[in-house]
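Encoded as structure tokens, the structure appears first; notes follow it.
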Amino acid sequence: MPGMEKLHLEDVLEDSPQTRNLLRVFENDAFALKKYTLGLHNCCQRIMKAQNELCAATQALSQQLRDYEIQTFPLEPEDSILTTTLKQFSSYLDDVSSIQQVLSAQYSETMMYPMSRFIQADLEEVSTLCEMFQIATTEHESAIKNYMKLPKKKENDRQRMEYNEELYGMRKKFHQTGLHYYSSLNALQYKRKCSLLEPILGYMHAQRAFFQMGQDAVCKKEIEEFLNNINASVQGVQKELQQDTKKTVDLIDTLEQQSVQQYHAEPNPEMPYIPPNTQLAQKGGYLFIRSKQLIATRWDRCFFFTQGGNLMCQPKDEVAGSLSLDLNEPGVLAEPYETDDRRFVFHVSSPKLRKSVVLQAENERERDEWICTINNIVRESGYVKSKSPQQQQAVKERTPSTTSSTKESGGSSPDMANVNSSASLGSPHAPKPAPATNDMLLSDVPIQFDLQPSIDDITDVTPNLQGPPKRINPFDQTTGEVLDTLDSAIADSHYVESFVVRFLGSMEVKADRGEPLVLETMRQIMAARAIHNVFRMTESRLVVSSDNMRLIDPATNIVRTVFALADISFWAAHNENKRLFGFITRNRQTGLPNPSFACHVFECNVSAEEICSAIQTATKLAFQALMEKKAVEKIQKVKAKEKNILLQNIQNLEDADSDEELNKLPLSPDGKYLVLTATEDDDEMLEDTNYVDTQMTQQVKDLVVTQEEEGVDDSEA
């Protein structure tokens, strides 16, 4: 370049003060250039890191959009349009992320690499040569000083030669180092121009390529149409939101105006009087209930509602309501009551059950409405045993529908309202649920809450067996149950698992499989238990083996029930409550053309998935054992048939008295040995066991050859 300052290489050896001053200027320039270049390198690194972070953030955003599909939103339908839209956006973001990754790679090649090469190869070389030049200068000065100190005496010629040689070496080293150092400083003036411009040039080229690829990838007609449709949809949703917000504000104002009187526990005397509604057949709301604790009484606020002729109570933290009082019993009466110096108290008493529920309302109107509603249900509404189905239907037509809050708080289906509440808790056949919405459930079938084994199923599983006890499920740390001894059937099983379960109930179903069927049965049984306060559960030890499933009394080791694996058609765990599981069994009864099916529901201490996995493993092993047994029986049958054929042919051979009879025997074409043949019905069976035919034929052949060697005539044979 014209006008560029340079260090003259001819002045290196002379090393004049003017040359030294000019060298110092070049050194200061190189050090300033290095400091600036390091700052520029840091800026480029920030751009590189930001681009890598942008790529990672775009990929994370795309993955988050795809994860929306696998999220569980209670209010979002599975086939939501939003899910499809987010998946489409995710695919577009993947394309953008790919382009950003290409940009990041171009940054690394065209911007970061030239910058790093200039710093490491050029600036570091100048710094290294600077240190070497200073060392060479110091050594050169020391060699000159030593040489100049030599005396004039000729006796020191040897020392003079040594110092001269030393000065020669140091001056040569100084000269060579100075030449390289000066040339590097001169070359640095040229490299400054290209090394600082090349990274920025690469950055601009990468940006242009990025924008060009982005335009080709994003500015497509289909993407433009998609974005326009989504934009129009979003604007439509925002417009609907504005309209809904306006309606909501108006509704809030209306509700506030209508609820002014309800804000007061007791109506304001200035407001108009509203008489109680005495014609209600159903009601729900919060009341205070009195409970006794030792010598004191306690009042708790609970939500009460009427359902199916029952007064139900549901605390705030509970999912479903429980039975507080059966209103279908004769003599049930609700009337005002005075107690504990409290106002607006009434009680509902049942003389037959000898039970009384003391409740408190907020005001007199609420108390009177509750009293009238309960008395109306007792008198003419709800489920009354003495009424005919036509009368019950007429009552249902007169009964107003329950409010939404009552339905949500009930925790059970309205179809369960017709459960027969007269069944005792200890009875094996408890209430009958009304027909469910699922058509796979049978109507008017009893729910069995207790295990009722037959006499044949009751066996003791602790006989006197020799040898050490067998441990069941040794890796199960949750149940901690170990059977000391087992009967021979379980002891010989290839697979045994034990779990502690509690029987919740069982009921007859229409089909023999289906997860919705099992879940609906669970819901029916749990709702019936909640309505009728059935809290007692029978705890058993469920032993799952490759032969059968047994429910064993943990206290006495008595088998309560045995389920054959061949009769278990389906099993499933609850999709929300991981402690519940159920399975469907076939009941083959003699005299009936078709078998019936029953679904049994249990609660366990471990995860229900573990028990379902154990049942699956046991059934798989049982099926394999059954197939192996059938194969062995088939082979044995073929062998027995071939043996009979062999013996029959040998007998015919021994009984033959003439050549004509011998010709009737199934001989080979050469007449040396018998040929075993089977009937047409056994051809298929014999094809599977050809090795048996070969072995038997060889035995007959050996017998005939032996007879020929001994000289036995055909007639004698």
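Numbering starts fresh at 1 for the residues of each chain in the structure tokens, the chains themselves are lettered A, B, ... in the order given, and ligands are numbered from 1 as they appear.
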Write out as a PyMOL selection string which residues come within 9 Å of Gln101 in chain A when counting only C-alpha atoms, dropping same-chain ones fewer than 3 positions away. chain A and resi 51-52+55+96-98+104-106
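Using only C-alpha atoms for every distance, the candidate list A:Leu241, A:Leu65, A:Leu442, A:Ala320 yields A:Leu65 as the residue closest to Leu82 in chain A.
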Top pick for closest residue to Ile81 in chain A, considering A:Leu311, A:Cys372, A:Ile230, A:Val126 and counting only C-alpha atoms: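 Checking each of A:Leu311, A:Cys372, A:Ile230, A:Val126 against Ile81 in chain A, counting only C-alpha atoms, the winner is A:Ile230.
Residues with any atom within 6 Å of range 363-367 of chain A, counting only C-alpha atoms and excluding same-chain neighbours fewer than 4 positions away, are Glu266, Pro276 and Phe344 of chain A.
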Any idea what the distance is between CA of Cys604 in chain A and CA of Leu565 in chain A? 20.0 Å
Quick one: everything within 9 Å of Glu603 in chain A, counting only C-alpha atoms, minus sequence neighbours fewer than 3 positions away in the same chain. Send it as a PyMOL selection string. chain A and resi 500-504+579-582+608
Of the listed residues A:Ser596, A:Gln307, A:Thr521, A:Asn644, that which approaches Phe583 in chain A most closely, counting only C-alpha atoms: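 Among A:Ser596, A:Gln307, A:Thr521, A:Asn644, it is A:Thr521 that comes nearest to Phe583 in chain A.
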